[in-house]
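J.: Before we start, here is the structure in question, set down as structure tokens.
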Amino acid sequence: MPVIQPELTEKIAAELEGKTILITGGTGSFGKNFVRFVLTHFNPAKIIIYSRDELKQFEMQDQFAQFKNKLRFFIGDVRDKDRLYLGMRGVDIVIHAAALKQVPAAEYNPMECIKTNVLGAENVIENVLLRSTVKKVVALSTDKAANPINLYGATKLCSDKLFTAANNLAGRQDQRFSVVRYGNVAGSRGSVVPFFKHLIADGAKELPITSKEMTRFWITLDEGVFFVLSSLVRMHGGETFVPKIPSIRITDLATALAPDLPQKIIGIRPGEKIHEIMCPRDDFMHTIEFDNFFIIKPSISFNAVDYDYAQTCIAEHGRPVPEGFEYNSKDNPHFLTIEEIRQLHQTLGQH
């Protein structure tokens with residue numbers, strides 16, 4: 001998937017022009033890249049970073065000092081509905097990125113994951129519907145929400161369903177909610193790449209591999225940000241957007257980063273899958289394929305509106321997928337080679 005698609009840039013620019021954007025969990029990897037990308041290429045009125053860690057906000061203010069006139073920082077937790085309401089005053093667009101994302105941590109601390117990922121999503125929705133000026137919400141999801149086997153994935157599936165159903169609550173109000181689902185983000189904080197790099201830098205004699213068979217979807221931060229922005233202009237409300245992105249084999253990733261190091265199989269972690277899914281087979285009747293992405297239609301009917309999800313709001317036309325279709329990391333027609341992974345890693349290291 002191209003990072004920047006020129007045919008969409010003008011539409012995104014018009015969508016963001018003069019708007020106030022709030023991003024929850026904005027000090028994370030996605031939030032930082034979102035700020036850099038949007039304020040470099042577009043002209044919103046301002047971006048509000050809503051997050052709970054004052055140190056990360058302080059560091060981000062310093063990192064993005066050149067954008068200080070358009071960047072605001074608001075300390076708060078998505079678990080706190082009233083504080084979130086204060087942050088949303090005068091906001092036009094919300095990007096909901098706040099989440100507890102570590103799979104093993106969620107298995108051991110389930111209620112903490114539920115409080116942030118499910119109840120936090122509910123707080124965003126209620127504030128948008130009842131007490132704010134927000135017109136569009138895009139919630140970030142994960143491939144782990146498709147046929148989930150771990151608590152993190154289950155909470156994100158629940159969150160996705162909440163955002164979908166919120167369109168029914170909005171009715172004919174001019175407020176819409178959609179979801180963006182994609183896979184592992186190359187080089188993001190907490191991903192396997194920084195982990196491997198840390199081990200290599202510390203002189204590790206081998207790299208730990210959970211399974212020789214393991215595959216993952218792979219997307220860069222810039223691609224993820226642009227796909228979220230493109231979904232803002234495509235969205236009717238209620239749909240889940242899924243990009244067409246390559247897969248990687250974990251063994252190929254380890255070889256690309258450290259070709260001379262042996263690999264040791266250590267077994268999968270609690271709640272981990274061998275392969276990931278983004279469009280489940282059980283959803284094939286709701287899935288529409290476009291040139292560079294899929295849309296999964298909501299399984300519920302909305303009372304006040306009836307959208308044609310086979311055509312986006314910018315007149316892109318899709319087609320139903322065949323019966324039994326599934327988009328998974330194992331059978332993905334596009335796998336990155338070891339050399340492509342190495343080149344991608346070198347490119348990311350230059351930013």
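FYI, nothing fancy with the structure tokens labels: chains A, B, ... in order, residues from 1 per chain, ligands from 1 as they appear.
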Using only C-alpha atoms, which residues of range 66-178 of chain A come within 12 Å of range 27-50 of chain A, and what is the closest atom pair for each, with the distance in Å to one decimal? Give it as a Markdown table, sorted by chain and residue number.

T.:
| residue | atom | partner | partner_atom | distance |
| --- | --- | --- | --- | --- |
| A:Gln66 | CA | A:Leu39 | CA | 9.9 |
| A:Phe67 | CA | A:Leu39 | CA | 7.3 |
| A:Lys68 | CA | A:Lys46 | CA | 9.5 |
| A:Asn69 | CA | A:Lys46 | CA | 7.9 |
| A:Lys70 | CA | A:Lys46 | CA | 4.3 |
| A:Leu71 | CA | A:Ile47 | CA | 5.1 |
| A:Arg72 | CA | A:Ile48 | CA | 4.7 |
| A:Phe73 | CA | A:Ile49 | CA | 4.8 |
| A:Phe74 | CA | A:Tyr50 | CA | 4.9 |
| A:Ile75 | CA | A:Tyr50 | CA | 5.9 |
| A:Gly76 | CA | A:Tyr50 | CA | 6.1 |
| A:Asp77 | CA | A:Tyr50 | CA | 7.6 |
| A:Val78 | CA | A:Tyr50 | CA | 8.5 |
| A:Arg79 | CA | A:Tyr50 | CA | 11.9 |
| A:Asp80 | CA | A:Tyr50 | CA | 11.6 |
| A:Arg83 | CA | A:Tyr50 | CA | 9.9 |
| A:Leu84 | CA | A:Tyr50 | CA | 8.1 |
| A:Tyr85 | CA | A:Tyr50 | CA | 11.0 |
| A:Leu86 | CA | A:Tyr50 | CA | 10.5 |
| A:Gly87 | CA | A:Tyr50 | CA | 7.2 |
| A:Met88 | CA | A:Ile48 | CA | 8.9 |
| A:Arg89 | CA | A:Ile48 | CA | 10.7 |
| A:Gly90 | CA | A:Ile48 | CA | 10.7 |
| A:Val91 | CA | A:Ile48 | CA | 8.7 |
| A:Asp92 | CA | A:Ala45 | CA | 10.1 |
| A:Ile93 | CA | A:Ile47 | CA | 9.5 |
| A:Val94 | CA | A:Ile48 | CA | 9.4 |
| A:Ile95 | CA | A:Gly31 | CA | 9.1 |
| A:His96 | CA | A:Tyr50 | CA | 9.7 |
| A:Ala97 | CA | A:Gly31 | CA | 7.5 |
| A:Ala98 | CA | A:Gly28 | CA | 8.3 |
| A:Ala99 | CA | A:Gly28 | CA | 9.9 |
| A:Leu100 | CA | A:Gly28 | CA | 11.1 |
| A:Lys101 | CA | A:Gly28 | CA | 11.2 |
| A:Val124 | CA | A:Tyr50 | CA | 11.7 |
| A:Leu140 | CA | A:Phe30 | CA | 9.8 |

J.: So which residues of range 199-261 of chain A fall under alpha helix (DSSP H) by DSSP, listed as an MDAnalysis selection string?

T.: chainID A and resid 199:201 221:234 250:257

J.: When distances are computed from only C-alpha atoms, which of A:Thr164, A:Thr220, A:Thr215, A:Thr251 shows the smallest separation from Glu239 in chain A?

T.: A:Thr164

J.: From the options A:Arg319, A:Arg176, A:His275, A:Lys81, which residue's atoms come nearest to Val138 in chain A, counting only C-alpha atoms?

T.: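 Smallest separation from Val138 in chain A among the options: A:Arg176.
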
J.: Measuring between only C-alpha atoms, which one of A:Thr24, A:Asn303, A:Gln63, A:Thr337 shows the shortest distance to Gly171 in chain A?

T.: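 Of A:Thr24, A:Asn303, A:Gln63, A:Thr337, the one nearest Gly171 in chain A, counting only C-alpha atoms, is A:Asn303.
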
J.: Run DSSP on the backbone and give me the residues of range 84-259 of chain A it puts in strand (DSSP E or B), as a PyMOL selection string.

T.: chain A and resi 93-96+136-140+176-180+184-185+207-209+215-219+240-243+247-249

J.: Please dump the current selection as a PDB file, in the first residue's frame; keep C-alpha atoms.

T.:
ATOM      1  CA  ILE A  93     -12.518  15.040  14.946  1.00  0.00           C
ATOM      2  CA  VAL A  94     -11.462  12.369  17.451  1.00  0.00           C
ATOM      3  CA  ILE A  95      -8.856   9.709  16.729  1.00  0.00           C
ATOM      4  CA  HIS A  96      -9.201   7.137  19.503  1.00  0.00           C
ATOM      5  CA  LYS A 136     -16.289  12.213  13.189  1.00  0.00           C
ATOM      6  CA  VAL A 137     -14.587   9.528  15.276  1.00  0.00           C
ATOM      7  CA  VAL A 138     -12.121   6.960  13.988  1.00  0.00           C
ATOM      8  CA  ALA A 139     -11.219   4.275  16.524  1.00  0.00           C
ATOM      9  CA  LEU A 140      -8.012   2.300  16.070  1.00  0.00           C
ATOM     10  CA  ARG A 176     -20.322   9.317  12.648  1.00  0.00           C
ATOM     11  CA  PHE A 177     -18.103   6.583  14.098  1.00  0.00           C
ATOM     12  CA  SER A 178     -15.873   4.151  12.200  1.00  0.00           C
ATOM     13  CA  VAL A 179     -13.099   1.685  12.997  1.00  0.00           C
ATOM     14  CA  VAL A 180      -9.686   1.117  11.404  1.00  0.00           C
ATOM     15  CA  ASN A 184       1.740  -5.055  13.598  1.00  0.00           C
ATOM     16  CA  VAL A 185       3.338  -1.644  13.146  1.00  0.00           C
ATOM     17  CA  LEU A 207      17.335 -14.440  19.085  1.00  0.00           C
ATOM     18  CA  PRO A 208      14.233 -15.917  20.755  1.00  0.00           C
ATOM     19  CA  ILE A 209      11.535 -17.021  18.297  1.00  0.00           C
ATOM     20  CA  THR A 215       3.406 -14.848  10.522  1.00  0.00           C
ATOM     21  CA  ARG A 216       2.210 -11.292  11.041  1.00  0.00           C
ATOM     22  CA  PHE A 217       0.675  -8.477   9.015  1.00  0.00           C
ATOM     23  CA  TRP A 218       3.120  -5.604   8.659  1.00  0.00           C
ATOM     24  CA  ILE A 219       2.496  -1.879   8.218  1.00  0.00           C
ATOM     25  CA  THR A 240     -14.447  -1.276   9.724  1.00  0.00           C
ATOM     26  CA  PHE A 241     -11.633  -0.351   7.338  1.00  0.00           C
ATOM     27  CA  VAL A 242      -8.896  -2.926   6.718  1.00  0.00           C
ATOM     28  CA  PRO A 243      -5.849  -2.073   4.563  1.00  0.00           C
ATOM     29  CA  SER A 247       2.813 -10.267   5.776  1.00  0.00           C
ATOM     30  CA  ILE A 248       6.168 -11.270   7.217  1.00  0.00           C
ATOM     31  CA  ARG A 249       7.528 -14.476   8.696  1.00  0.00           C
TER      32      ARG A 249
END

J.: At what distance in Å, to one decimal, does CA of Ile277 in chain A lie from CA of Asp143 in chain A?

T.: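 For CA of Asp143 in chain A relative to CA of Ile277 in chain A, the distance reads 5.7 Å.
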
J.: I need the residue nearest Ser301 in chain A from this list: A:Pro6, A:Gly25, A:Gly324, A:Gly237. Use only C-alpha atoms for the distance.

T.: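 With only C-alpha atoms as the atom set, the closest residue is A:Gly237.
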
J.: Could you name the residues that touch Pro270 in chain A at 10 Å or less, counting only C-alpha atoms, but leaving out those on the same chain fewer than 4 positions away, as a VMD selection string?

T.: chain A and resid 103 to 108 149 to 150

J.: Which value, in Å to one decimal, gives the distance between CA of Gly203 in chain A and CA of Gly267 in chain A?

T.: 22.1 Å

J.: Which residues are near Pro320 in chain A? Cut-off 8 Å, only C-alpha atoms, ignore same chain within fewer than 4 positions. Put them as a VMD selection string.

T.: chain A and resid 285 to 289 310

J.: Grab the CA of Tyr307 in chain A to CA of Leu129 in chain A distance for me, in Å with one decimal place.

T.: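 Separation of CA of Tyr307 in chain A and CA of Leu129 in chain A: 19.9 Å.
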
J.: When you count only C-alpha atoms, which of these residues is closest to Asn117 in chain A: A:Thr133, A:Ala146, A:Lys11, A:Gly153?

T.: A:Gly153

J.: Would you mind listing what lies within 9 Å of Pro280 in chain A as a list of chain:residue names, with only C-alpha atoms counted and same-chain residues fewer than 5 positions away left out?

T.: A:Ala146, A:Asn147, A:Gly324, A:Phe325, A:Glu326, A:Tyr327, A:Asn328

J.: For Ile295 in chain A, which residue among A:Thr9, A:Gln311, A:Ser211, A:Asn109 is the nearest when counting only C-alpha atoms?

T.: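 Of all the options, A:Gln311 lies closest to Ile295 in chain A.
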